[in-house]
>>> print(open('data.pdb').read())   # PDB, C-alpha atoms
ATOM      1  CA  MET X   1      -6.714  -3.991 -19.126
ATOM      2  CA  PHE X   2      -9.071  -3.685 -16.150
ATOM      3  CA  HIS X   3     -12.076  -3.725 -18.457
ATOM      4  CA  ALA X   4     -10.914  -7.038 -19.936
ATOM      5  CA  ILE X   5     -10.264  -8.510 -16.476
ATOM      6  CA  THR X   6     -13.636  -7.326 -15.183
ATOM      7  CA  ALA X   7     -15.509  -8.611 -18.246
ATOM      8  CA  GLY X   8     -13.770 -11.985 -18.027
ATOM      9  CA  SER X   9     -14.383 -12.320 -14.287
ATOM     10  CA  VAL X  10     -18.082 -11.487 -14.734
ATOM     11  CA  VAL X  11     -18.415 -14.169 -17.428
ATOM     12  CA  LEU X  12     -16.724 -16.683 -15.113
ATOM     13  CA  LYS X  13     -18.924 -15.475 -12.225
ATOM     14  CA  VAL X  14     -15.930 -14.455 -10.129
ATOM     15  CA  GLY X  15     -16.464 -10.703 -10.231
ATOM     16  CA  PHE X  16     -14.284 -10.077  -7.195
ATOM     17  CA  LEU X  17     -11.218 -10.848  -9.328
ATOM     18  CA  GLY X  18     -11.579  -7.474 -11.055
ATOM     19  CA  ILE X  19     -11.426  -5.645  -7.727
ATOM     20  CA  LEU X  20      -8.570  -7.858  -6.555
ATOM     21  CA  ALA X  21      -6.624  -7.179  -9.756
ATOM     22  CA  ALA X  22      -7.085  -3.424  -9.312
ATOM     23  CA  ILE X  23      -5.808  -3.605  -5.737
ATOM     24  CA  LEU X  24      -2.804  -5.720  -6.705
ATOM     25  CA  VAL X  25      -1.893  -3.418  -9.592
ATOM     26  CA  THR X  26      -2.184  -0.390  -7.297
ATOM     27  CA  VAL X  27       0.119  -2.011  -4.736
ATOM     28  CA  GLY X  28       2.491  -3.046  -7.503
ATOM     29  CA  MET X  29       2.609   0.482  -8.910
ATOM     30  CA  ARG X  30       3.309   1.852  -5.437
ATOM     31  CA  ALA X  31       6.213  -0.570  -5.083
ATOM     32  CA  ALA X  32       7.468   0.365  -8.565
ATOM     33  CA  TRP X  33       7.423   4.057  -7.701
ATOM     34  CA  GLY X  34       9.330   3.292  -4.528
ATOM     35  CA  ALA X  35      11.964   1.527  -6.594
ATOM     36  CA  ARG X  36      12.112   4.442  -9.051
ATOM     37  CA  TRP X  37      12.526   6.803  -6.085
ATOM     38  CA  ARG X  38      15.495   4.823  -4.802
ATOM     39  CA  GLU X  39      16.969   4.733  -8.322
ATOM     40  CA  LEU X  40      16.657   8.514  -8.593
ATOM     41  CA  ARG X  41      18.311   9.049  -5.231
ATOM     42  CA  GLY X  42      21.022   6.544  -6.112
ATOM     43  CA  SER X  43      21.728   8.165  -9.477
ATOM     44  CA  VAL X  44      22.249  11.520  -7.763
ATOM     45  CA  ARG X  45      23.978  10.468  -4.574
ATOM     46  CA  GLY X  46      25.599   7.153  -5.477
ATOM     47  CA  GLY X  47      27.625   5.610  -8.275
ATOM     48  CA  ASP X  48      30.403   7.855  -9.565
ATOM     49  CA  ARG X  49      28.435  10.941  -8.400
ATOM     50  CA  SER X  50      28.490  12.443 -11.889
ATOM     51  CA  LEU X  51      25.282  14.384 -11.178
ATOM     52  CA  SER X  52      26.042  15.415  -7.620
ATOM     53  CA  ALA X  53      28.300  18.330  -8.568
ATOM     54  CA  GLY X  54      25.528  20.434 -10.162
ATOM     55  CA  ALA X  55      22.001  21.533  -9.364
ATOM     56  CA  PHE X  56      20.661  18.008  -9.848
ATOM     57  CA  GLY X  57      22.612  16.903  -6.804
ATOM     58  CA  LYS X  58      21.129  19.478  -4.432
ATOM     59  CA  ILE X  59      19.494  17.845  -1.416
ATOM     60  CA  HIS X  60      16.549  19.440   0.368
ATOM     61  CA  PRO X  61      17.676  20.521   3.855
ATOM     62  CA  ARG X  62      14.555  19.152   5.533
ATOM     63  CA  TRP X  63      13.368  16.221   3.441
ATOM     64  CA  LYS X  64      16.835  15.012   2.338
ATOM     65  CA  THR X  65      15.647  14.473  -1.201
ATOM     66  CA  PRO X  66      17.108  15.568  -4.588
ATOM     67  CA  TYR X  67      14.307  18.104  -5.026
ATOM     68  CA  VAL X  68      15.747  19.811  -8.130
ATOM     69  CA  SER X  69      15.890  16.472  -9.955
ATOM     70  CA  ILE X  70      12.339  15.665  -8.885
ATOM     71  CA  LEU X  71      10.977  19.057 -10.028
ATOM     72  CA  VAL X  72      12.753  18.833 -13.392
ATOM     73  CA  GLN X  73      11.445  15.309 -13.879
ATOM     74  CA  ALA X  74       7.895  16.459 -13.073
ATOM     75  CA  VAL X  75       8.051  19.380 -15.539
ATOM     76  CA  VAL X  76       9.526  17.258 -18.333
ATOM     77  CA  SER X  77       6.993  14.473 -17.728
ATOM     78  CA  GLY X  78       4.127  16.975 -17.835
ATOM     79  CA  ALA X  79       5.433  18.439 -21.088
ATOM     80  CA  ILE X  80       5.688  14.969 -22.612
ATOM     81  CA  LEU X  81       2.098  14.180 -21.594
ATOM     82  CA  LEU X  82       0.839  17.380 -23.217
ATOM     83  CA  LEU X  83       2.879  17.090 -26.401
ATOM     84  CA  SER X  84       1.895  13.441 -26.910
ATOM     85  CA  GLN X  85      -1.736  14.563 -27.387
ATOM     86  CA  ILE X  86      -0.959  16.649 -30.469
ATOM     87  CA  ASN X  87      -2.652  15.279 -33.620
ATOM     88  CA  ASN X  88      -3.286  11.925 -31.946
ATOM     89  CA  SER X  89      -6.274   9.985 -30.760
ATOM     90  CA  THR X  90      -6.487   9.105 -27.080
ATOM     91  CA  ARG X  91      -5.402   5.541 -27.756
ATOM     92  CA  SER X  92      -2.500   6.599 -29.990
ATOM     93  CA  ALA X  93      -1.274   9.110 -27.399
ATOM     94  CA  TYR X  94      -1.489   6.476 -24.671
ATOM     95  CA  GLN X  95       0.257   3.931 -26.897
ATOM     96  CA  ILE X  96       3.097   6.370 -27.624
ATOM     97  CA  LEU X  97       3.704   6.878 -23.906
ATOM     98  CA  ILE X  98       3.596   3.145 -23.180
ATOM     99  CA  ASP X  99       5.872   2.250 -26.098
ATOM    100  CA  ALA X 100       8.321   5.012 -25.214
ATOM    101  CA  ALA X 101       8.490   3.780 -21.619
ATOM    102  CA  ILE X 102       8.963   0.176 -22.742
ATOM    103  CA  ILE X 103      11.751   0.994 -25.181
ATOM    104  CA  LEU X 104      13.647   3.222 -22.737
ATOM    105  CA  TYR X 105      13.216   0.553 -20.063
ATOM    106  CA  PHE X 106      14.491  -2.179 -22.387
ATOM    107  CA  ILE X 107      17.635  -0.402 -23.610
ATOM    108  CA  PRO X 108      19.619  -1.135 -20.391
ATOM    109  CA  PHE X 109      18.688  -4.801 -20.745
ATOM    110  CA  LEU X 110      20.418  -4.846 -24.126
ATOM    111  CA  TYR X 111      23.587  -3.706 -22.360
ATOM    112  CA  MET X 112      23.066  -6.286 -19.628
ATOM    113  CA  PHE X 113      22.710  -9.269 -21.966
ATOM    114  CA  ALA X 114      25.547  -8.007 -24.162
ATOM    115  CA  ALA X 115      27.718  -7.775 -21.031
ATOM    116  CA  VAL X 116      26.986 -11.444 -20.286
ATOM    117  CA  ILE X 117      28.566 -12.375 -23.604
ATOM    118  CA  LYS X 118      31.361  -9.812 -23.339
ATOM    119  CA  LEU X 119      32.433 -10.990 -19.866
ATOM    120  CA  ALA X 120      32.182 -14.700 -20.654
ATOM    121  CA  ALA X 121      35.942 -14.981 -21.143
ATOM    122  CA  ARG X 122      36.926 -13.390 -17.838
ATOM    123  CA  LYS X 123      39.063 -15.708 -15.750
ATOM    124  CA  ASP X 124      37.839 -14.416 -12.401
ATOM    125  CA  ARG X 125      34.278 -15.656 -12.989
ATOM    126  CA  ALA X 126      35.001 -18.950 -11.263
ATOM    127  CA  GLU X 127      37.200 -17.389  -8.573
ATOM    128  CA  ASN X 128      34.382 -15.561  -6.786
ATOM    129  CA  PRO X 129      32.912 -17.941  -4.180
ATOM    130  CA  HIS X 130      29.638 -15.986  -4.087
ATOM    131  CA  ALA X 131      29.075 -15.993  -7.845
ATOM    132  CA  ILE X 132      26.203 -18.037  -9.247
ATOM    133  CA  LEU X 133      27.409 -19.140 -12.664
ATOM    134  CA  ILE X 134      25.186 -19.844 -15.638
ATOM    135  CA  PRO X 135      25.382 -23.579 -16.395
ATOM    136  CA  GLY X 136      26.875 -24.770 -19.648
ATOM    137  CA  GLY X 137      30.124 -22.818 -19.552
ATOM    138  CA  LYS X 138      30.784 -20.333 -22.337
ATOM    139  CA  ALA X 139      28.197 -22.005 -24.569
ATOM    140  CA  GLY X 140      25.549 -21.520 -21.880
ATOM    141  CA  LEU X 141      26.559 -17.878 -21.473
ATOM    142  CA  TRP X 142      26.393 -17.234 -25.202
ATOM    143  CA  LEU X 143      23.037 -19.021 -25.475
ATOM    144  CA  SER X 144      21.375 -17.286 -22.527
ATOM    145  CA  GLY X 145      22.896 -13.892 -23.280
ATOM    146  CA  GLY X 146      22.155 -14.127 -26.995
ATOM    147  CA  LEU X 147      18.544 -15.254 -26.506
ATOM    148  CA  GLY X 148      17.954 -12.553 -23.905
ATOM    149  CA  PHE X 149      19.396  -9.906 -26.213
ATOM    150  CA  LEU X 150      17.282 -11.053 -29.172
ATOM    151  CA  VAL X 151      14.059 -11.207 -27.121
ATOM    152  CA  VAL X 152      14.595  -7.696 -25.752
ATOM    153  CA  LEU X 153      15.484  -6.400 -29.214
ATOM    154  CA  ALA X 154      12.317  -7.997 -30.622
ATOM    155  CA  GLY X 155      10.298  -6.319 -27.857
ATOM    156  CA  ILE X 156      11.742  -2.948 -28.858
ATOM    157  CA  PHE X 157      10.895  -3.470 -32.525
ATOM    158  CA  VAL X 158       7.353  -4.599 -31.667
ATOM    159  CA  SER X 159       6.899  -1.452 -29.572
ATOM    160  CA  LEU X 160       7.678   0.606 -32.684
ATOM    161  CA  VAL X 161       4.602  -0.766 -34.483
ATOM    162  CA  PRO X 162       1.786   1.840 -34.401
ATOM    163  CA  PRO X 163      -1.719   0.746 -33.302
ATOM    164  CA  GLY X 164      -4.245  -0.143 -35.981
ATOM    165  CA  ASP X 165      -6.441   2.904 -35.350
ATOM    166  CA  SER X 166      -3.536   5.362 -35.409
ATOM    167  CA  THR X 167      -4.540   8.466 -37.372
ATOM    168  CA  ASN X 168      -1.012   9.062 -38.655
ATOM    169  CA  LYS X 169       1.365   6.113 -38.537
ATOM    170  CA  ILE X 170       4.351   8.121 -39.799
ATOM    171  CA  LEU X 171       3.821  10.742 -37.082
ATOM    172  CA  PHE X 172       3.606   7.943 -34.519
ATOM    173  CA  GLU X 173       7.018   6.607 -35.577
ATOM    174  CA  VAL X 174       8.561  10.090 -35.738
ATOM    175  CA  GLU X 175       7.317  10.972 -32.251
ATOM    176  CA  LEU X 176       8.726   7.755 -30.810
ATOM    177  CA  LEU X 177      12.112   8.325 -32.438
ATOM    178  CA  VAL X 178      12.185  11.966 -31.297
ATOM    179  CA  TRP X 179      11.289  11.039 -27.703
ATOM    180  CA  HIS X 180      13.953   8.363 -27.536
ATOM    181  CA  GLY X 181      16.623  10.349 -29.311
ATOM    182  CA  GLY X 182      15.938  13.355 -27.094
ATOM    183  CA  SER X 183      15.924  11.286 -23.910
ATOM    184  CA  ILE X 184      19.204   9.550 -24.735
ATOM    185  CA  LEU X 185      20.826  12.818 -25.825
ATOM    186  CA  LEU X 186      19.697  14.583 -22.638
ATOM    187  CA  GLY X 187      21.079  11.762 -20.529
ATOM    188  CA  LEU X 188      24.415  11.885 -22.331
ATOM    189  CA  ILE X 189      24.633  15.680 -21.972
ATOM    190  CA  LEU X 190      23.961  15.501 -18.236
ATOM    191  CA  TYR X 191      26.460  12.684 -17.818
ATOM    192  CA  TRP X 192      29.214  14.436 -19.806
ATOM    193  CA  ARG X 193      28.531  17.658 -17.907
ATOM    194  CA  GLY X 194      28.801  15.846 -14.586
ATOM    195  CA  VAL X 195      32.038  14.127 -15.603
ATOM    196  CA  ARG X 196      33.509  17.457 -16.745
ATOM    197  CA  ASN X 197      32.535  19.185 -13.490
ATOM    198  CA  LYS X 198      33.967  16.287 -11.521
ATOM    199  CA  ARG X 199      37.279  16.521 -13.366
ATOM    200  CA  MET X 200      37.437  20.289 -12.895
ATOM    201  CA  ALA X 201      36.706  19.931  -9.177
ATOM    202  CA  GLY X 202      39.369  17.222  -8.807
TER
END
>>> encode(input="data.pdb", output="structure tokens")
Amino acid sequence: MFHAITAGSVVLKVGFLGILAAILVTVGMRAAWGARWRELRGSVRGGDRSLSAGAFGKIHPRWKTPYVSILVQAVVSGAILLLSQINNSTRSAYQILIDAAIILYFIPFLYMFAAVIKLAARKDRAENPHAILIPGGKAGLWLSGGLGFLVVLAGIFVSLVPPGDSTNKILFEVELLVWHGGSILLGLILYWRGVRNKRMAG
């Protein structure tokens, strides 16, 4: 990406744009990591506290952070980075990581747009004075929710397409499906375990 920006800015004789783009992306990534940090803390300490009953909910006495969750995330991420290099070119390995991140990131949006359609018939939508309603009534909700769902779904399917120089396209697809299936299964196991521990404690 930066190579393309730099090459284009040199051709247009505005070379500083490449440096500016790098700085902006760095700042943006820092902000994104800050948001991910708050999401991690919220998933452990907030919501229905399904994870707070076990080791994942342990808070560091000095730093006040969910250090067990952070360490587990670091180990799993490192393992994924190493395993993604097996029998793959550098570009294919990078593409697998990017596509896996995109698909996992998009799955909650499918739920969000589906919820727009599901909740369209609720009577209390218009009763909340602070609600900002989608114009067009139920038709507008179905249109916006349906289009959003289809666009996200199309993005997921596009992310499943292996790059042209992939050495083994079947392996690329299998790795993506394994990563996603494993990630979703792990999340469900941790959630069910937290719910069970919460019920036993209550």
>>> axis_aligned_box(input="data.pdb", around="range 129-145 of chain X", padding_each_side="3 Å", output="lines of an AutoDock Vina configuration file")
center_x = 27.1
center_y = -19.3
center_z = -14.8
size_x = 17.5
size_y = 16.9
size_z = 27.4
>>> closest_residue(input="data.pdb", among="X:Leu150, X:Ala7, X:Ile96, X:Leu133", to="Ala114 in chain X", atoms="only C-alpha atoms")
X:Leu150
>>> residues_around(input="data.pdb", residues="range 151-157 of chain X", least_positions_apart="6", cutoff="8 Å", atoms="only C-alpha atoms", output="ChimeraX atom specification")
/X:102-103,106,109-110
>>> atom_distance(input="data.pdb", atom1="CA of Ile117 in chain X", atom2="CA of Gly146 in chain X")
7.5 Å
>>> closest_residue(input="data.pdb", among="X:Met112, X:Ile189, X:Ser159, X:His130", to="Gly145 in chain X", atoms="only C-alpha atoms")
X:Met112
>>> atom_distance(input="data.pdb", atom1="CA of Val158 in chain X", atom2="CA of Ser77 in chain X")
23.6 Å
>>> closest_residue(input="data.pdb", among="X:Ser9, X:Gln95, X:Asn128, X:Ser144", to="Leu176 in chain X", atoms="only C-alpha atoms")
X:Gln95
>>> atom_distance(input="data.pdb", atom1="CA of Leu24 in chain X", atom2="CA of Leu81 in chain X")
25.3 Å
>>> closest_residue(input="data.pdb", among="X:Lys123, X:Arg196, X:Lys58, X:Glu175", to="Ile70 in chain X", atoms="all atoms listed in the file")
X:Lys58
>>> closest_residue(input="data.pdb", among="X:Ala115, X:Ile132, X:Val195, X:Val11", to="Gly148 in chain X", atoms="only C-alpha atoms")
X:Ala115
>>> residues_near_point(input="data.pdb", point="(10.9, 12.1, -20.0)", cutoff="10 Å", atoms="all atoms listed in the file", output="ChimeraX atom specification")
/X:72-81,97,100-101,104,179-180,182-184,186
>>> residues_around(input="data.pdb", residues="Trp142 in chain X", least_positions_apart="5", cutoff="9 Å", atoms="all atoms listed in the file", output="list in words")
Val116, Ile117, Ala120, Gly137 and Leu147 of chain X
